[in-house]
Amino acid sequence: METLNSKLAFCYHQSVLKRTKHSGENVVRIEAAALEALADRIAGPMAPAFQRAVDLMHACKGRVVVTGMGKSGLIARKIAATLSSTGTPALYLHPVEAQHGDLGMVVRGDVVLALSASGETEEILVLLATIKRLGVPLISVTGDEICMTQAAKGGRKAAQAKAKPERTARSTLAQAADVALDCSIDKEACSLGLAPTASTTTMLALGDALAVALSEKRGFREEDFANLHPGGKLGKKLARVQALMHAGDALPRVSPKTKMLDVIYEMSRKKLGVTAVVEGEKLVGIISDGDLRRLLEKRGKDVMDLNAGEAMTRTPKTIGAQEFAATALAMMEDRKITSLMVVDGKGKLEGIVHLHDLWGTELV
């Protein structure tokens, strides 16, 4: 009997594991299908509405105010954060807090992006009167099948065969919006069909699509991203040489006629193990600790009779101030050196960047 019970328990355990494995796979497949359907709509029947939404946010003189309740609210927070980090000023407005004073965050010149799976979220609908009174453009993201295509129901060929999208009754939020975006899904990935899963995934993806389209329309560049992420790892990796270099009084420099004793003193005082040799403001050479050691091995104490112009390396490695820190690191590694002179297009010395300066960027 014990053996039979053990076998039954084992079989039950294996069955549960199998169902769990397939359940996880099904969730991902259902959400992937929902995303593919969304992509088909953006490329097809929803393309004009998507472009109008991008144009509205691009023309916004204020901020994009993103709002949503519950799970949609969590997605709204992330969309607001993504917009802000890619060059579009945005904030998240909690619809309940808005009813108790925070609605003052919304002013003329803003654009409101409202998320609601049903399009009937009471806490958001209460805000419509104020939004309309302010004349603020409203973009809705709802689960309405506003432009459901056959592709979402079963194939691209069928979608091409039927050019006109099917239209169903719109929700209150979608009807009130200046631009209504369709975030509808065939079904949730939850086995009960209740927990927001596929619906929140598509909302998040649509928000990302809007943010990226906006950043491209604005001409958002890597350096802009770095400026908005000074404390993050990505921002550090995108740091410019100008932000890391030693300049002004911290920059070791001597003239070609400087005696070797004074050269050594300048190198020791600035503590970078190197000094630039300049004529006026133009870089003409460099002297490093390694150069001094090699000269001592070759000439002994007679080195002290030399001046900087006689001891310097005449072809120092240089870099521009606007180059990335990653570029500076690559040059140092390639040439097996620890510092680069920073010059402008005419050879004027602007600074020096040392390998130690790159440690804080997490590149080293």
# chains A, B, ... in the order shown; residues from 1 in each chain; ligands from 1

call {"tool": "residues_around", "arguments": {"residues": "stretch 81-83 of chain A", "least_positions_apart": "4", "cutoff": "9 Å", "atoms": "only C-alpha atoms", "output": "ChimeraX atom specification"}}
result
/A:64,76-77,87-92,207-208,210-212,214-215

call {"tool": "residues_around", "arguments": {"residues": "A:Ala276", "least_positions_apart": "5", "cutoff": "8 Å", "atoms": "only C-alpha atoms", "output": "PyMOL selection string"}}
result
chain A and resi 252-254+283-287+341

call {"tool": "closest_residue", "arguments": {"among": "A:Ser116, A:Pro196, A:Ala176, A:Leu355", "to": "A:Lys336", "atoms": "only C-alpha atoms"}}
result
A:Leu355

call {"tool": "residues_around", "arguments": {"residues": "A:Cys190", "least_positions_apart": "3", "cutoff": "12 Å", "atoms": "only C-alpha atoms", "output": "compact mmCIF listing (two decimals) with N, CA, C and O atoms, in the first residue's frame"}}
result
# COMPACT_ATOMS: atom_id res chain seq x y z
N SER A 23 2.02 26.03 -18.33
CA SER A 23 1.33 27.26 -17.97
C SER A 23 2.23 28.46 -18.20
O SER A 23 1.81 29.47 -18.78
N GLY A 24 3.48 28.36 -17.74
CA GLY A 24 4.43 29.45 -17.95
C GLY A 24 4.66 29.72 -19.41
O GLY A 24 4.70 30.88 -19.86
N GLU A 25 4.78 28.65 -20.20
CA GLU A 25 4.98 28.79 -21.64
C GLU A 25 3.78 29.46 -22.29
O GLU A 25 3.93 30.36 -23.13
N ASN A 26 2.59 29.06 -21.88
CA ASN A 26 1.37 29.61 -22.47
C ASN A 26 1.22 31.09 -22.18
O ASN A 26 0.77 31.86 -23.03
N VAL A 27 1.58 31.50 -20.96
CA VAL A 27 1.50 32.92 -20.61
C VAL A 27 2.35 33.75 -21.57
O VAL A 27 1.90 34.76 -22.11
N VAL A 28 3.59 33.31 -21.78
CA VAL A 28 4.49 34.05 -22.66
C VAL A 28 3.97 34.07 -24.09
O VAL A 28 4.02 35.09 -24.79
N ARG A 29 3.46 32.93 -24.56
CA ARG A 29 2.95 32.85 -25.93
C ARG A 29 1.72 33.74 -26.13
O ARG A 29 1.57 34.39 -27.16
N ILE A 30 0.82 33.77 -25.14
CA ILE A 30 -0.37 34.61 -25.24
C ILE A 30 0.02 36.08 -25.27
O ILE A 30 -0.52 36.87 -26.07
N GLU A 31 0.96 36.46 -24.41
CA GLU A 31 1.39 37.86 -24.39
C GLU A 31 2.15 38.22 -25.66
O GLU A 31 2.00 39.34 -26.18
N LYS A 187 -7.26 37.84 -25.29
CA LYS A 187 -7.53 37.29 -23.96
C LYS A 187 -6.36 37.57 -23.04
O LYS A 187 -5.24 37.81 -23.50
N GLY A 193 -8.48 34.26 -16.71
CA GLY A 193 -8.90 35.36 -17.58
C GLY A 193 -9.21 36.63 -16.81
O GLY A 193 -9.93 37.50 -17.31
N LEU A 194 -8.66 36.78 -15.61
CA LEU A 194 -9.02 37.90 -14.75
C LEU A 194 -7.84 38.84 -14.46
O LEU A 194 -7.99 40.05 -14.52
N ALA A 195 -6.69 38.28 -14.12
CA ALA A 195 -5.54 39.12 -13.75
C ALA A 195 -5.00 39.86 -14.97
O ALA A 195 -4.79 39.26 -16.03
N PRO A 196 -4.76 41.17 -14.85
CA PRO A 196 -4.18 41.93 -15.97
C PRO A 196 -2.79 41.41 -16.30
O PRO A 196 -1.87 41.53 -15.49
N THR A 197 -2.64 40.81 -17.43
CA THR A 197 -1.36 40.23 -17.85
C THR A 197 -1.05 40.69 -19.28
O THR A 197 -0.25 41.59 -19.48
N ALA A 198 -1.72 40.10 -20.24
CA ALA A 198 -1.50 40.50 -21.63
C ALA A 198 -1.89 41.96 -21.84
O ALA A 198 -1.25 42.68 -22.61
N SER A 199 -2.92 42.42 -21.13
CA SER A 199 -3.38 43.80 -21.30
C SER A 199 -2.34 44.80 -20.81
O SER A 199 -2.07 45.82 -21.47
N THR A 200 -1.71 44.53 -19.67
CA THR A 200 -0.69 45.45 -19.16
C THR A 200 0.59 45.36 -19.99
O THR A 200 1.29 46.36 -20.16

call {"tool": "select_by_dssp", "arguments": {"residues": "stretch 255-318 of chain A", "states": "strand (DSSP E)", "output": "list in words"}}
result
Val274, Thr275, Ala276, Val277, Val278, Glu279, Lys282, Leu283, Val284, Gly285, Ile286, Ile287, Ser288 and Thr318 of chain A

call {"tool": "write_last_selection", "arguments": {"atoms": "N, CA and C atoms", "output": "compact mmCIF listing (two decimals), in the first residue's frame"}}
result
# COMPACT_ATOMS: atom_id res chain seq x y z
N VAL A 274 52.80 62.77 -15.48
CA VAL A 274 53.03 63.23 -16.84
C VAL A 274 52.87 64.74 -16.87
N THR A 275 53.49 65.38 -17.85
CA THR A 275 53.27 66.80 -18.06
C THR A 275 53.24 67.10 -19.55
N ALA A 276 52.42 68.07 -19.92
CA ALA A 276 52.36 68.53 -21.30
C ALA A 276 53.46 69.55 -21.53
N VAL A 277 53.96 69.60 -22.73
CA VAL A 277 54.93 70.62 -23.13
C VAL A 277 54.24 71.51 -24.15
N VAL A 278 54.13 72.79 -23.85
CA VAL A 278 53.36 73.69 -24.71
C VAL A 278 54.18 74.90 -25.12
N GLU A 279 53.90 75.37 -26.32
CA GLU A 279 54.41 76.65 -26.80
C GLU A 279 53.20 77.58 -26.91
N LYS A 282 49.66 75.89 -27.55
CA LYS A 282 49.69 74.74 -28.45
C LYS A 282 50.53 73.59 -27.88
N LEU A 283 49.96 72.39 -27.91
CA LEU A 283 50.67 71.20 -27.43
C LEU A 283 51.76 70.82 -28.43
N VAL A 284 53.00 70.68 -27.94
CA VAL A 284 54.10 70.29 -28.82
C VAL A 284 54.76 69.00 -28.38
N GLY A 285 54.47 68.55 -27.15
CA GLY A 285 55.09 67.32 -26.69
C GLY A 285 54.57 66.90 -25.32
N ILE A 286 55.13 65.80 -24.83
CA ILE A 286 54.72 65.26 -23.54
C ILE A 286 55.92 64.58 -22.89
N ILE A 287 56.00 64.65 -21.56
CA ILE A 287 57.03 63.95 -20.81
C ILE A 287 56.33 63.14 -19.73
N SER A 288 56.61 61.84 -19.68
CA SER A 288 55.98 60.96 -18.70
C SER A 288 57.03 60.38 -17.76
N THR A 318 46.52 62.17 -28.53
CA THR A 318 45.54 63.17 -28.14
C THR A 318 44.11 62.69 -28.41

call {"tool": "closest_residue", "arguments": {"among": "A:Asp178, A:Asp344, A:Asp334, A:Asp249", "to": "A:Gly135", "atoms": "only C-alpha atoms"}}
result
A:Asp178

call {"tool": "atom_distance", "arguments": {"atom1": "atom CA of A:Pro95", "atom2": "atom CA of A:Cys60"}}
result
21.0 Å

call {"tool": "residues_around", "arguments": {"residues": "A:Val65", "least_positions_apart": "5", "cutoff": "8 Å", "atoms": "only C-alpha atoms", "output": "list in words"}}
result
Ala80, Ala90, Leu91, Tyr92, Leu93, Val106, Asp110, Val111, Val112 and Leu113 of chain A

call {"tool": "residues_around", "arguments": {"residues": "A:Lys301", "least_positions_apart": "4", "cutoff": "12 Å", "atoms": "only C-alpha atoms", "output": "list in words"}}
result
Met260, Leu261, Leu292, Arg293, Leu295, Leu296, Glu297, Asp305 and Leu306 of chain A

call {"tool": "write_last_selection", "arguments": {"atoms": "C-alpha atoms", "output": "tab-separated table (two decimals), in the first residue's frame"}}
result
chain	number	residue	atom	x	y	z
A	260	MET	CA	64.43	69.19	-16.02
A	261	LEU	CA	64.37	69.90	-12.29
A	292	LEU	CA	62.30	59.97	-17.43
A	293	ARG	CA	63.23	56.41	-16.48
A	295	LEU	CA	66.45	58.85	-20.14
A	296	LEU	CA	68.10	58.03	-16.81
A	297	GLU	CA	69.02	54.54	-18.01
A	305	ASP	CA	71.18	69.19	-17.90
A	306	LEU	CA	68.36	68.78	-20.44

call {"tool": "atom_distance", "arguments": {"atom1": "atom CA of A:Glu323", "atom2": "atom CA of A:Thr338"}}
result
16.8 Å
